[in-house]
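Colleague: Have a peek at my_file-v8.txt (compact mmCIF, C-alpha atoms).
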```txt
# COMPACT_ATOMS: atom_id res chain seq x y z
CA MET P 1 25.42 -36.69 68.89
CA ASN P 2 23.45 -39.72 69.48
CA ARG P 3 26.48 -41.89 68.93
CA LEU P 4 28.13 -40.43 71.98
CA VAL P 5 25.14 -40.98 74.22
CA VAL P 6 24.62 -44.63 73.46
CA PRO P 7 28.09 -45.97 74.44
CA ARG P 8 28.00 -43.90 77.60
CA ASN P 9 24.73 -45.54 78.53
CA TYR P 10 26.23 -48.95 77.91
CA ARG P 11 29.22 -48.06 80.04
CA ASP P 12 26.85 -46.98 82.80
CA ALA P 13 24.92 -50.17 82.49
CA TYR P 14 28.08 -52.27 82.81
CA SER P 15 29.40 -50.25 85.69
CA GLY P 16 26.06 -50.55 87.53
CA GLY P 17 25.65 -54.25 86.52
CA LEU P 18 28.83 -55.48 88.14
CA PRO P 19 27.50 -55.31 91.70
CA THR P 20 24.23 -56.84 90.48
CA LEU P 21 26.12 -59.68 88.83
CA SER P 22 28.22 -60.32 91.90
CA LEU P 23 25.06 -60.31 94.01
CA LEU P 24 23.50 -62.81 91.63
CA VAL P 25 26.55 -65.06 91.86
CA LEU P 26 26.42 -64.80 95.64
CA LEU P 27 22.73 -65.75 95.63
CA ILE P 28 23.41 -68.75 93.38
CA CYS P 29 26.22 -69.85 95.69
CA CYS P 30 23.93 -69.50 98.70
CA SER P 31 21.19 -71.49 97.00
CA LEU P 32 23.69 -74.24 96.19
CA THR P 33 24.96 -74.51 99.73
CA ALA P 34 21.49 -74.43 101.32
CA PRO P 35 20.45 -78.00 100.30
CA ALA P 36 23.79 -79.32 101.49
CA GLN P 37 23.15 -77.75 104.87
CA ASN P 38 19.66 -79.24 104.94
CA THR P 39 20.98 -82.71 104.15
CA SER P 40 23.52 -82.53 106.91
CA GLN P 41 20.87 -81.26 109.32
CA SER P 42 18.54 -84.15 108.51
CA GLY P 43 21.27 -86.53 109.64
CA THR P 44 21.44 -85.17 113.15
CA ALA P 45 20.26 -87.54 115.83
CA SER P 46 18.12 -85.14 117.84
CA GLU P 47 15.57 -84.10 115.18
CA PRO P 48 12.40 -86.17 114.70
CA PHE P 49 12.20 -88.02 111.42
CA SER P 50 9.02 -89.15 109.68
CA ILE P 51 8.34 -90.97 106.43
CA ARG P 52 5.43 -92.79 104.73
CA ALA P 53 5.96 -96.54 104.52
CA THR P 54 4.20 -99.85 103.97
CA HIS P 55 4.66 -102.48 106.64
CA LEU P 56 5.08 -105.80 104.82
CA LEU P 57 5.62 -108.00 107.86
CA GLY P 58 7.36 -108.34 111.19
CA PHE P 59 6.20 -105.60 113.54
CA GLU P 60 4.08 -107.10 116.28
CA GLY P 61 0.70 -105.45 116.55
CA ALA P 62 0.82 -104.01 113.05
CA LYS P 63 -1.07 -105.55 110.15
CA SER P 64 0.82 -106.95 107.20
CA ASN P 65 0.76 -104.92 103.97
CA CYS P 66 -0.62 -101.81 105.62
CA ASN P 67 0.35 -98.21 105.00
CA GLY P 68 1.40 -95.95 107.79
CA THR P 69 3.91 -93.47 109.08
CA LEU P 70 7.34 -94.56 110.10
CA SER P 71 9.05 -92.17 112.45
CA ILE P 72 12.13 -91.98 114.60
CA GLN P 73 11.51 -90.32 117.91
CA GLY P 74 14.39 -90.13 120.30
CA ASN P 75 15.89 -93.60 120.42
CA ALA P 76 12.88 -95.51 119.07
CA LEU P 77 11.61 -96.45 115.64
CA GLN P 78 7.84 -96.19 115.49
CA PHE P 79 5.28 -97.37 112.95
CA GLN P 80 1.79 -95.95 113.17
CA GLN P 81 -1.08 -97.16 111.03
CA GLY P 82 -3.61 -94.33 110.71
CA GLY P 83 -4.88 -93.34 114.14
CA LYS P 84 -4.23 -96.77 115.63
CA HIS P 85 -1.82 -97.75 118.37
CA ALA P 86 1.79 -97.36 117.29
CA THR P 87 4.32 -100.18 117.28
CA GLN P 88 7.68 -99.19 118.65
CA ILE P 89 11.12 -100.74 118.73
CA LYS P 90 14.24 -99.37 120.33
CA ILE P 91 17.05 -98.52 117.94
CA ALA P 92 19.48 -100.09 120.41
CA ALA P 93 17.66 -103.41 119.87
CA VAL P 94 18.29 -103.31 116.11
CA ARG P 95 20.95 -105.83 115.14
CA ASP P 96 21.14 -105.20 111.40
CA VAL P 97 19.64 -103.03 108.68
CA PHE P 98 19.53 -104.18 105.06
CA LEU P 99 18.51 -102.20 102.04
CA GLY P 100 16.94 -103.86 99.03
CA GLY P 101 14.75 -103.04 96.09
CA GLU P 102 11.83 -104.56 94.29
CA SER P 103 9.66 -103.85 91.28
CA LYS P 104 5.97 -104.39 91.94
CA GLN P 105 2.74 -104.12 90.00
CA VAL P 106 0.63 -101.15 91.01
CA GLY P 107 -3.12 -100.98 91.54
CA GLY P 108 -3.62 -104.01 93.74
CA LEU P 109 -6.53 -106.40 93.31
CA PRO P 110 -8.89 -104.04 91.42
CA MET P 111 -6.21 -103.40 88.82
CA THR P 112 -5.44 -107.13 88.56
CA LEU P 113 -9.12 -107.92 87.97
CA GLY P 114 -9.39 -105.12 85.42
CA LYS P 115 -6.36 -106.41 83.56
CA ALA P 116 -7.77 -109.92 83.55
CA ALA P 117 -11.06 -108.66 82.14
CA ALA P 118 -9.46 -106.59 79.40
CA PRO P 119 -9.98 -108.21 75.96
CA TYR P 120 -7.32 -109.21 73.42
CA GLY P 121 -4.59 -109.39 76.03
CA GLY P 122 -4.83 -105.69 76.73
CA GLY P 123 -4.21 -106.35 80.39
CA ARG P 124 -0.77 -107.71 79.64
CA VAL P 125 0.18 -104.53 77.85
CA VAL P 126 -1.01 -102.53 80.83
CA SER P 127 1.07 -104.79 83.13
CA LEU P 128 4.13 -103.99 81.06
CA PHE P 129 3.93 -100.37 82.17
CA ALA P 130 2.01 -100.58 85.44
CA HIS P 131 4.93 -101.38 87.69
CA LYS P 132 6.88 -99.29 90.14
CA LYS P 133 10.18 -99.68 91.87
CA TYR P 134 10.29 -99.60 95.63
CA ASP P 135 12.97 -99.75 98.27
CA THR P 136 12.69 -102.42 100.92
CA LEU P 137 14.29 -101.98 104.29
CA SER P 138 14.76 -105.15 106.31
CA LEU P 139 15.47 -104.92 110.01
CA GLU P 140 16.69 -107.54 112.44
CA TYR P 141 16.06 -106.74 116.07
CA VAL P 142 15.83 -108.55 119.39
CA ASP P 143 13.13 -108.45 122.05
CA SER P 144 13.61 -108.27 125.81
CA ASP P 145 14.06 -112.08 125.96
CA GLY P 146 16.75 -112.06 123.32
CA GLY P 147 14.47 -113.53 120.64
CA LEU P 148 15.29 -112.52 117.09
CA HIS P 149 12.66 -110.59 115.14
CA GLY P 150 12.64 -109.49 111.54
CA ALA P 151 10.63 -106.74 109.89
CA ILE P 152 10.31 -105.63 106.29
CA LEU P 153 9.22 -102.17 105.24
CA GLN P 154 8.47 -100.92 101.75
CA LEU P 155 9.33 -97.34 100.91
CA ASN P 156 9.34 -95.15 97.85
CA LYS P 157 12.43 -95.34 95.69
CA GLY P 158 15.28 -93.43 97.30
CA GLN P 159 13.72 -93.19 100.73
CA GLY P 160 15.13 -96.50 101.92
CA GLU P 161 18.65 -95.16 101.91
CA VAL P 162 17.57 -92.01 103.75
CA LEU P 163 15.95 -94.10 106.47
CA ARG P 164 18.90 -96.45 106.72
CA ASN P 165 21.32 -93.52 107.03
CA GLU P 166 19.08 -92.03 109.69
CA LEU P 167 19.07 -95.28 111.65
CA VAL P 168 22.82 -95.68 111.29
CA ALA P 169 23.33 -92.07 112.44
CA ARG P 170 21.37 -92.92 115.57
CA GLY P 171 23.47 -95.95 116.35
CA ALA P 172 21.89 -98.87 114.47
CA PRO P 173 24.51 -101.30 113.16
CA THR P 174 24.53 -102.26 109.49
CA SER P 175 26.40 -104.81 107.40
CA SER P 176 27.89 -102.47 104.83
CA GLY P 177 29.19 -105.31 102.68
CA ARG P 178 25.73 -106.80 102.27
CA ASP P 179 23.88 -103.87 100.75
CA GLN P 180 21.65 -105.38 98.14
CA SER P 181 19.96 -102.39 96.58
CA THR P 182 22.19 -102.06 93.53
CA LYS P 183 22.62 -105.77 93.07
CA GLN P 184 18.93 -106.52 93.31
CA SER P 185 17.70 -103.75 91.08
CA ALA P 186 20.26 -104.86 88.51
CA GLY P 187 18.82 -108.36 88.76
CA GLU P 188 15.30 -107.06 88.26
CA VAL P 189 16.37 -105.11 85.20
CA ALA P 190 18.10 -108.17 83.78
CA HIS P 191 14.95 -110.19 84.30
CA GLU P 192 12.69 -107.63 82.74
CA ASN P 193 14.93 -107.34 79.71
CA GLN P 194 14.86 -111.08 79.08
CA MET K 1 -35.33 -166.75 112.87
CA LYS K 2 -32.34 -168.59 114.36
CA THR K 3 -29.89 -166.26 112.62
CA ASN K 4 -31.79 -163.23 113.84
CA SER K 5 -31.67 -164.38 117.44
CA TRP K 6 -27.88 -165.03 117.20
CA SER K 7 -27.17 -161.61 115.75
CA SER K 8 -29.30 -159.87 118.38
CA LEU K 9 -27.43 -161.82 121.07
CA ILE K 10 -24.03 -160.70 119.71
CA ALA K 11 -25.20 -157.09 119.47
CA GLY K 12 -26.43 -157.22 123.03
CA ALA K 13 -23.11 -158.62 124.26
CA ILE K 14 -21.19 -155.82 122.51
CA ALA K 15 -23.51 -153.24 124.04
CA ILE K 16 -23.00 -154.68 127.53
CA LEU K 17 -19.20 -154.68 127.07
CA ALA K 18 -19.25 -151.09 125.85
CA ILE K 19 -21.30 -150.00 128.86
CA ALA K 20 -19.13 -152.00 131.28
CA PHE K 21 -15.74 -150.66 130.08
CA PRO K 22 -16.36 -147.22 128.58
CA GLY K 23 -13.32 -145.51 130.11
CA ARG K 24 -10.94 -148.15 128.87
CA LEU K 25 -12.18 -147.95 125.29
CA LEU K 26 -12.11 -144.15 125.29
CA GLY K 27 -8.66 -144.18 126.84
CA GLN K 28 -7.36 -146.38 124.04
CA THR K 29 -8.76 -144.01 121.43
CA ALA K 30 -7.22 -140.99 123.13
CA ALA K 31 -3.83 -142.66 123.36
CA GLY K 32 -4.00 -143.59 119.70
CA LYS K 33 -4.87 -140.01 118.77
CA SER K 34 -2.05 -138.62 120.86
CA THR K 35 0.54 -140.88 119.24
CA GLY K 36 -0.67 -140.17 115.75
CA ALA K 37 -0.97 -136.42 116.05
CA SER K 38 2.02 -135.25 118.05
CA GLY K 39 4.76 -137.74 117.34
CA GLY K 40 4.48 -139.48 120.73
CA SER K 41 2.82 -138.61 124.03
CA THR K 42 5.43 -135.91 124.74
CA GLN K 43 4.35 -132.39 124.04
CA TRP K 44 7.25 -130.74 122.26
CA SER K 45 8.18 -127.12 121.90
CA VAL K 46 10.10 -125.80 118.94
CA GLN K 47 12.70 -123.11 118.44
CA VAL K 48 12.94 -121.67 114.95
CA ASP K 49 16.48 -120.84 113.94
CA LYS K 50 17.45 -118.07 111.56
CA VAL K 51 17.32 -119.16 107.91
CA GLU K 52 20.65 -120.21 106.43
CA PRO K 53 21.10 -118.98 102.86
CA GLY K 54 23.69 -121.67 102.12
CA ASP K 55 25.87 -120.77 99.14
CA LEU K 56 23.05 -118.87 97.48
CA ASP K 57 22.76 -115.16 96.98
CA LEU K 58 19.39 -114.87 98.70
CA GLU K 59 18.15 -111.40 99.62
CA GLN K 60 17.98 -110.64 103.30
CA SER K 61 14.30 -109.72 103.02
CA PHE K 62 13.57 -113.27 101.84
CA GLN K 63 15.45 -114.80 104.76
CA ILE K 64 13.58 -112.60 107.22
CA ALA K 65 10.23 -113.29 105.53
CA ILE K 66 10.76 -117.08 105.66
CA TYR K 67 11.72 -116.88 109.34
CA GLU K 68 8.76 -114.71 110.35
CA ASN K 69 6.27 -116.70 108.26
CA LEU K 70 7.56 -119.96 109.75
CA LEU K 71 6.93 -118.68 113.27
CA LYS K 72 3.40 -117.70 112.31
CA GLU K 73 2.56 -120.92 110.46
CA LEU K 74 4.02 -123.21 113.12
CA SER K 75 1.95 -121.49 115.78
CA LYS K 76 -1.15 -122.07 113.65
CA THR K 77 -0.58 -125.84 113.49
CA LYS K 78 -1.01 -126.17 117.29
CA ARG K 79 1.31 -129.12 117.16
CA PHE K 80 3.83 -127.54 119.49
CA HIS K 81 3.35 -126.45 123.05
CA GLU K 82 5.35 -123.27 122.41
CA VAL K 83 7.14 -121.76 119.43
CA PHE K 84 10.32 -119.89 120.33
CA ARG K 85 12.37 -117.44 118.34
CA ASP K 86 16.07 -117.82 117.66
CA GLY K 87 18.04 -116.74 120.73
CA ASP K 88 15.06 -116.67 123.08
CA ARG K 89 16.36 -117.17 126.64
CA ASN K 90 13.08 -118.80 127.75
CA ALA K 91 13.78 -121.76 125.45
CA ARG K 92 16.75 -122.80 127.63
CA GLU K 93 14.53 -123.98 130.45
CA VAL K 94 12.16 -125.99 128.24
CA ALA K 95 12.66 -129.75 128.62
CA ASN K 96 11.29 -131.08 125.33
CA LEU K 97 12.69 -128.71 122.80
CA LEU K 98 13.21 -129.29 119.11
CA VAL K 99 15.18 -126.90 116.92
CA LEU K 100 14.01 -126.19 113.39
CA LYS K 101 16.88 -125.46 111.03
CA THR K 102 16.12 -124.22 107.52
CA THR K 103 18.74 -124.13 104.80
CA VAL K 104 17.97 -122.72 101.38
CA GLU K 105 19.03 -125.13 98.64
CA LYS K 106 17.58 -123.59 95.48
CA TYR K 107 16.34 -120.15 94.66
CA THR K 108 14.99 -118.81 91.39
CA ARG K 109 14.51 -115.08 91.36
CA GLY K 110 11.25 -114.19 89.65
CA SER K 111 9.63 -110.99 88.47
CA GLU K 112 6.09 -109.88 89.19
CA THR K 113 5.94 -107.89 85.96
CA ARG K 114 7.10 -110.85 83.93
CA ARG K 115 4.47 -113.04 85.54
CA ALA K 116 1.76 -110.48 84.82
CA VAL K 117 2.79 -110.07 81.20
CA THR K 118 3.56 -113.66 80.20
CA THR K 119 1.67 -115.74 82.84
CA VAL K 120 4.00 -118.68 82.18
CA SER K 121 7.39 -117.33 83.20
CA GLY K 122 8.82 -115.22 85.98
CA ALA K 123 7.91 -117.55 88.85
CA THR K 124 9.80 -117.14 92.11
CA LYS K 125 10.82 -120.54 93.45
CA LEU K 126 12.41 -121.59 96.69
CA THR K 127 13.54 -125.01 97.83
CA VAL K 128 14.73 -125.50 101.39
CA ARG K 129 15.96 -128.33 103.57
CA SER K 130 14.11 -128.33 106.87
CA GLN K 131 15.50 -130.26 109.80
CA LEU K 132 14.06 -130.82 113.23
CA LEU K 133 16.79 -131.55 115.72
CA THR K 134 16.83 -132.35 119.38
CA ARG K 135 18.88 -130.26 121.77
CA GLU K 136 21.64 -132.86 121.49
CA GLY K 137 21.75 -132.41 117.72
CA LYS K 138 19.99 -135.62 116.71
CA VAL K 139 17.97 -135.19 113.53
CA VAL K 140 14.41 -136.38 114.07
CA LEU K 141 12.89 -135.05 110.86
CA LYS K 142 14.43 -134.01 107.58
CA ARG K 143 12.42 -132.81 104.62
CA GLU K 144 12.92 -130.93 101.39
CA VAL K 145 10.12 -128.43 100.84
CA ASN K 146 9.25 -126.09 97.97
CA GLY K 147 7.50 -122.76 97.90
CA GLN K 148 6.73 -120.71 94.85
CA VAL K 149 4.61 -117.95 93.42
CA ARG K 150 3.53 -118.59 89.85
CA LEU K 151 0.93 -116.02 88.91
CA LEU K 152 -0.58 -113.64 91.44
CA GLY K 153 1.25 -111.94 94.25
CA SER K 154 4.59 -110.37 94.95
CA ASN K 155 7.88 -112.26 95.06
CA LEU K 156 7.77 -112.37 98.86
CA ARG K 157 4.58 -114.44 98.65
CA ALA K 158 6.81 -117.42 97.82
CA THR K 159 8.15 -117.25 101.38
CA HIS K 160 4.61 -117.42 102.79
CA ASN K 161 3.81 -120.46 100.63
CA LEU K 162 7.07 -122.08 101.64
CA ALA K 163 6.46 -121.56 105.35
CA ARG K 164 2.94 -122.93 105.01
CA ASN K 165 4.29 -126.04 103.28
CA ILE K 166 6.95 -126.57 105.93
CA ALA K 167 4.34 -126.30 108.68
CA LYS K 168 2.05 -128.67 106.79
CA THR K 169 4.87 -131.19 106.36
CA ILE K 170 5.74 -131.04 110.05
CA LYS K 171 2.09 -131.38 111.03
CA GLN K 172 1.66 -134.48 108.90
CA SER K 173 4.92 -136.12 109.98
CA SER K 174 5.58 -138.25 112.99
CA TRP K 175 9.13 -137.79 114.18
CA SER K 176 9.14 -140.63 116.65
CA GLU K 177 9.46 -142.96 113.67
CA ALA K 178 12.62 -143.68 111.73
CA GLU K 179 13.70 -141.12 109.16
CA GLN K 180 11.77 -141.39 105.91
CA PRO K 181 12.63 -139.96 102.50
CA GLY K 182 11.14 -136.49 102.21
CA ALA K 183 7.95 -135.57 100.43
CA THR K 184 8.05 -132.31 98.55
CA PRO K 185 4.75 -130.47 98.63
CA THR K 186 4.57 -127.45 96.37
CA GLY K 187 2.52 -124.31 96.61
```
Rewrite the structure from the file as structure tokens, please.
Modeller:
Amino acid sequence: MNRLVVPRNYRDAYSGGLPTLSLLVLLICCSLTAPAQNTSQSGTASEPFSIRATHLLGFEGAKSNCNGTLSIQGNALQFQQGGKHATQIKIAAVRDVFLGGESKQVGGLPMTLGKAAAPYGGGRVVSLFAHKKYDTLSLEYVDSDGGLHGAILQLNKGQGEVLRNELVARGAPTSSGRDQSTKQSAGEVAHENQ
Amino acid sequence: MKTNSWSSLIAGAIAILAIAFPGRLLGQTAAGKSTGASGGSTQWSVQVDKVEPGDLDLEQSFQIAIYENLLKELSKTKRFHEVFRDGDRNAREVANLLVLKTTVEKYTRGSETRRAVTTVSGATKLTVRSQLLTREGKVVLKREVNGQVRLLGSNLRATHNLARNIAKTIKQSSWSEAEQPGATPTG
């Protein structure tokens, strides 16, 4: 008696599970396409774009080696350090955008002093692991008098390309043949392996 | 006693001369200073050209950093009336304009991690040829300058040291004289 009941239940489960399974597949498909849609939306020129960055040098009015927010608003690239006055350049004034990469020691001066004070060369061992890779985005732009300016920004790994694509999408020219990100990071790796 | 009276007489004569012609003596000193400090009485302006990487595979960030640091360091020297950027239209109307051309000759890519771990290797080194030219293209100063970062600081710090050395070299040189073999300060 029981033998008859059990297969029937299974059959019911399978017959009821098919729509569930198809729904699950549909959901998975939707979840896969959603990021793609987001990526394409982030590339549109009208939306504001904002990213954390370190200004290494070049922007007039901004301190060197200071952290801030880099944003694209309309047709201008803006760097704002905390609540201070923002530095702005027009994207139309940008002559070239270059992407690079660099490996840097983390922790700044306090960490350097700590490593120097560590006994038995312990600081060196710490240095071996206390480094981080960054993207560097170099910009060449001209002022109202036609004078050439250069600016270098440091971003987290992977964000440099996003920013460059964003700038290119909004009309900034780039020398595609001179992208140095892969080349440079390969060089760094080669050096660190030596 | 006789010697004392002679020496006091000479001292008195010098004092009278100094009082009688003070402007002339001061004028001579000023002229001497002007010649020594600015390469002639003419007050020059300078236009910094974009850095030429030569045949080397120098990252664009380094070229930009050298250029920007040069502008900053040359302004600090106060040797030039004005410091113009490459392509600046205002430079066209300036009468006494020199053009600074920088060509990278040697570049050793370093590593900050390697420097921190070993302390003896991983230095970033740059050697450039700096030329000051007149508008007509006549070379008035030619120097080979080094910049490097050996221990502390990021790789880009080499560009700051290089620019500082170039500015120092230009400040110490007198380009009204004949071309001399270049000194190579390091930093």
Colleague: Provide the atom CA of P:Arg164 to atom CA of P:Leu137 distance in Å, to one decimal place.
Modeller: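 Atom CA of P:Arg164 sits 7.6 Å away from atom CA of P:Leu137.
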Colleague: For chain P, which residues have at least one atom within 6 Å of chain K, if we go by all atoms listed in the file? Write them as a VMD selection string, please.
Modeller: chain P and resid 124 127 138 145 to 148 150
Colleague: Can you list, as a PyMOL selection string, every protein, DNA or RNA residue that comes within 7 Å of P:His131 when you count all atoms listed in the file, leaving out same-chain residues fewer than 2 positions away?
Modeller: (chain P and resi 103-106+127+129+133) or (chain K and resi 113)
Colleague: Enter the distance from atom CA of K:Val140 to atom CA of K:Val83, in Å, rounded to one decimal.
Modeller: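 Atom-to-atom, atom CA of K:Val140 and atom CA of K:Val83 are spaced 17.2 Å apart.
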Colleague: Calculate how many Å separate atom CA of K:Lys168 from atom CA of K:Lys72, rounding to one decimal.
Modeller: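 Separation of atom CA of K:Lys168 and atom CA of K:Lys72: 12.4 Å.
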Colleague: Tell me which protein, DNA and RNA residues are within 9 Å of K:Arg157, counting only C-alpha atoms, leaving out same-chain ones fewer than 6 positions away, and put them as number ranges by chain.
Modeller: K: 65, 124, 147-149
Colleague: I want to know what sits within 9 Å of stretch 76-89 of chain P, based on all atoms listed in the file, with residues of the same chain fewer than 5 positions away left out; could you give that as a list in words?
Modeller: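 Selected residues are Ala53, His55, Phe59, Glu60, Gly61, Ala62, Lys63, Cys66, Asn67, Gly68, Thr69, Leu70, Ser71, Val94, Tyr141, Asp143 and Leu167 of chain P.
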